[in-house]
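Worksheet for the structure shown next.
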Amino acid sequence: MFKLFSKDFWDITARLILRNKIIILIGIIIATYLLSTQWDNMRFSNTEANLLPDDHEENITYNNFLNTFGEEGNLIIIGVKDSSVFEVKKLNAWNKFCNEFNNYDEVESVISIKELQKLVKNTSEEKFNLEPFIKDSITSIAQIETLQKELFNQYPFYDNFLFNSKTKTIRTAIYFEKSLVNTSARKEFVLNVLEPKIKSFETDYNLDVRVSGMPYIRTKNSENIIGEISKFVLAALIVTSLIFFFFFRSFRATFISLIVVCIGVMWTLGIIGILNYEITVLTALIPPLIIVIGIPNCIFLINKYQHEVKLHGNKVKSLQRVITKIGNATLMTNVTTASGFATFILTESKLLKEFGIVASLSILAIFILCLLIIPIIYTFLPFPKDRHLEHLNKRWIGGFVNWMEWMVKQKRIAIYATSVILLIVSIIGIYQIKTSGNLIEDMPQESPFVNDIRFFEEEFNGIMPLEFMIDTKRKKGVMKLSTLKRMNELEDLIIEIPELSRPISVVSLVKYSKQAYYNGNPKFYQLPSSQENSFILSYAKNSSSNVDLLNNFVDSTGQYARITTFMKDVGTDKMERIEENLQNKIDKVFPKERYSVTMTGKALMFQKGTKYLVKNLAISLSLAILLISLFMAYMFRSGRMIIVSLIPNLLPLLVTAGLMGYIGVPIKPSTILVFSIAFGISVDDTIHFLAKYRQELQANNWKIKVSVYGALRETGVSMFYTSIVLFFGFSVFTISSFGGTVALGALVSATLLFAMLSNLLLLPSLLLSLERSIANKEVLKEPSINIIPEEDDSEEDFNK
């Protein structure tokens, strides 16, 4: 089947394209219109990106928890740290402000100081009554002082949940409706209700209101992603078009290239719509990627056309040769680039699969668009003027090419020595790389909502929920005193861990009940003894309101209990140590034959997802290397040539990995993508060089040195041009406010720069050093794919 891509195939393709140009243009317009109708299917994800496969053990555990207790990431918290809030006017205003959220259908419940209830012992009826701390509105400072004394000194049940008794920070918990937390209603509420009301309150009372919680963080993060898509696309268009114009000094050529990549972006968005995928932090990167990858295609095609026109002055012949000579080479380079992205399809992560599918399809689509649109448009344009061809005579790059040739001729040992030193230093750096699963590390660090996350971490030890589900394996087993004591032991360990907040569970409620039984004395905030337990439980059973308090901590059967704590945003290493300590305590305290205890929650899921992706990094990169090696094997039919072609492309990856270790860039979901993407793109230079090298061998009667230097001179300029475009194109991601996107852009840019130098210096040096063992007529005289067919004027090439 690969014989289809022979010289005859491309000759036929060229005739079909140039003879049916009107039909093809109409077809492209219709396809673009049909794809644009699919844009309505695009939607930004309302759910959190799940980095784990659906059938992963952690996912199953998490879903079991949700089935028992419902959505756990539905808490929005607002807080104030200001002594002036304890003034009569401001405290009444704060209570009223918080209570107003109860009027919205999206809100399940609101817990604020105004709604706080204290358990009061009713001896006559042998039950507990609930009485509000604030009965109506506050009318005097004396009431506030009493309130502060009670809250901060007498009721530890509420401490570190609705207030911090040490810093006097107060906050309100807004529980979002669980059924709506993963829908667009969350976004509408946060942006159109919550934020305007907070801003209005801040203005009216001169208070700095902090807001956080997973629904709020997810909404604000999504808004930032949406805002950056257009910024990246615009920046990529401006940067790549400026570089393109600098090389060609032609508004016409620049405008044609912009038309092609803009249509490519439209097709990409249409592909996302057709596949009904959500726009995530990864798929949002694809439109600017298509611009960056599409412009080098335009450079090769337009450069070849202009060179042909200057050579013989026949426009039709020039356009035919653009397709026949560049078509197959560009196809192979785009296929290898798409392969780097396509390896993500084979992972079990839905997020990476969707990214790999859309990216690989979009890269192939931009290749087709370039091959069709550019030759067809030039058939309608007048013959290029001399000023359009002036760039072909520029000699400013000649010094760079001469330097490369001199290095390969005279300094080959220095090139090898430098490569070995870089390899050793990089391996040392690789061992210093850390894995990071920090939630806020990649978020815009200077944004208000990230500052608020840090505020709540400092005041209340975190906002990311970490959950423990205790299965007692029998109905009503939770309220057994033995179970409560075991849970209390686990909570004591949680309290000792500085990265975790004070836990909330039925244990706290039982302790509070004992305190109420002893008339609110805070000294009795502890679990009851066996003797006390029967008396206190009899009071609790008679208190119907108590059932509502139990709902969030115990399931309806009394078999399952829940301990909720909130976690600071810590790295993967620290999280693993915390998890290990907690698991050791669980194994010690809860006998497996009587209890089943699982840890889950969004904090743990994110950490596990990061670890899973790191494992998949090696798999996806290995697949990319294997796939591209197969392309090389088919092209050159030589195992040694595969090794020679891979070395210059693997070394830049190792250098980048080592650099990450030295400068402290961790392996995380965003930087994991760097290696497969960079490898798929950088190997394009190798294909161009080796294809030209093979042609030179055939033209120069297998004179290896002449062929290597000829290939270096001819391909060096184009490889330099395209590498510069890719370097600055990927650099546009460094303007992102997301740390992960910045790291991705910078690392891919650096890798491609290393890859260019490696392919222009190390690759020809290896070919010369190993010439007798890899370049022989039996291997190369019958190429399986005629990448760059011979032509009459063999002394020039599309790469010139």
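A note on labels: chains of the structure tokens are A, B, ... as shown, every chain counts residues from 1, and ligands are counted from 1 in their shown order.
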Problem - Members of segment 419-652 of chain A assigned strand (DSSP E or B) by DSSP, as a list in words - result: Thr435, Met464, Pro465, Leu466, Glu467, Phe468, Met469, Ile470, Asp471, Leu500, Ile504, Val554, Tyr560, Ala561, Arg562, Ile563, Thr564, Thr565, Phe566, Met567, Ser596, Val597, Thr598, Met599 and Thr600 of chain A
Output C-alpha atoms for every residue in the selection just made, as an mmCIF file, in the first residue's frame.
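Everything below was put into selection-v5.cif:
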data_model
loop_
_atom_site.group_PDB
_atom_site.id
_atom_site.type_symbol
_atom_site.label_atom_id
_atom_site.label_comp_id
_atom_site.auth_asym_id
_atom_site.auth_seq_id
_atom_site.Cartn_x
_atom_site.Cartn_y
_atom_site.Cartn_z
ATOM 1 C CA THR A 435 6.761 14.664 40.649
ATOM 2 C CA MET A 464 -9.459 20.386 49.018
ATOM 3 C CA PRO A 465 -11.651 17.653 50.527
ATOM 4 C CA LEU A 466 -10.071 14.422 51.699
ATOM 5 C CA GLU A 467 -12.656 11.823 52.669
ATOM 6 C CA PHE A 468 -12.632 8.625 54.710
ATOM 7 C CA MET A 469 -15.518 6.182 54.382
ATOM 8 C CA ILE A 470 -15.882 3.595 57.153
ATOM 9 C CA ASP A 471 -17.968 0.541 56.360
ATOM 10 C CA LEU A 500 -4.894 18.672 57.147
ATOM 11 C CA ILE A 504 -15.643 16.693 60.794
ATOM 12 C CA VAL A 554 -23.840 8.745 58.449
ATOM 13 C CA TYR A 560 -21.414 3.777 56.678
ATOM 14 C CA ALA A 561 -19.707 6.729 58.360
ATOM 15 C CA ARG A 562 -17.806 9.572 56.835
ATOM 16 C CA ILE A 563 -14.867 11.602 58.110
ATOM 17 C CA THR A 564 -14.205 14.790 56.159
ATOM 18 C CA THR A 565 -11.042 16.842 56.371
ATOM 19 C CA PHE A 566 -9.627 19.529 54.113
ATOM 20 C CA MET A 567 -6.151 19.438 52.778
ATOM 21 C CA SER A 596 -13.553 -1.615 55.514
ATOM 22 C CA VAL A 597 -12.013 1.873 55.440
ATOM 23 C CA THR A 598 -11.226 3.747 52.222
ATOM 24 C CA MET A 599 -9.540 7.071 51.577
ATOM 25 C CA THR A 600 -10.802 9.164 48.679
#
Segment 511-573 of chain A near segment 659-677 of chain A within 12 Å: what's each residue's closest atom pair and its distance in Å to one decimal, counting only C-alpha atoms, ordered by chain then ascending residue number, as JSON lines?
{"residue": "A:Gly571", "atom": "CA", "partner": "A:Pro666", "partner_atom": "CA", "distance": 9.8}
{"residue": "A:Thr572", "atom": "CA", "partner": "A:Lys668", "partner_atom": "CA", "distance": 9.5}
{"residue": "A:Asp573", "atom": "CA", "partner": "A:Pro666", "partner_atom": "CA", "distance": 11.3}
Keeping only C-alpha atoms, write those residues as a PDB file, in the first residue's frame.
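So part-v7.pdb came out as:
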ATOM      1  CA  GLY A 571       3.073  17.958  46.357  1.00  0.00           C
ATOM      2  CA  THR A 572       2.821  14.309  45.417  1.00  0.00           C
ATOM      3  CA  ASP A 573       5.768  13.215  47.590  1.00  0.00           C
TER       4      ASP A 573
END
Exercise for the section: Can you pull out every residue within 9 Å of Ser620 of chain A, counting only C-alpha atoms, but drop anything in the same chain fewer than 6 positions away, and send it as a list in words? Expected result: Gly340, Phe341, Ala342, Thr343, Phe344, Ile345, Leu346, Thr347 and Ser676 of chain A
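Non-sequential neighbours of segment 106-122 of chain A (distance at most 6 Å, separation of 4 or more positions within a chain, only C-alpha atoms) are A:Asn95, A:Glu126, A:Lys127, A:Phe128, A:Asn129, A:Leu130, A:Glu131, A:Pro132, A:Phe133, A:Ile134, A:Thr172, A:Ala173, A:Ile174, A:Tyr175, A:Phe176, A:Glu177, A:Ala516, A:Tyr517.
Among the candidates A:Lys220, A:Asn182, A:Leu25, A:Ile272, the one nearest to Gly356 of chain A when counting only C-alpha atoms is A:Ile272.
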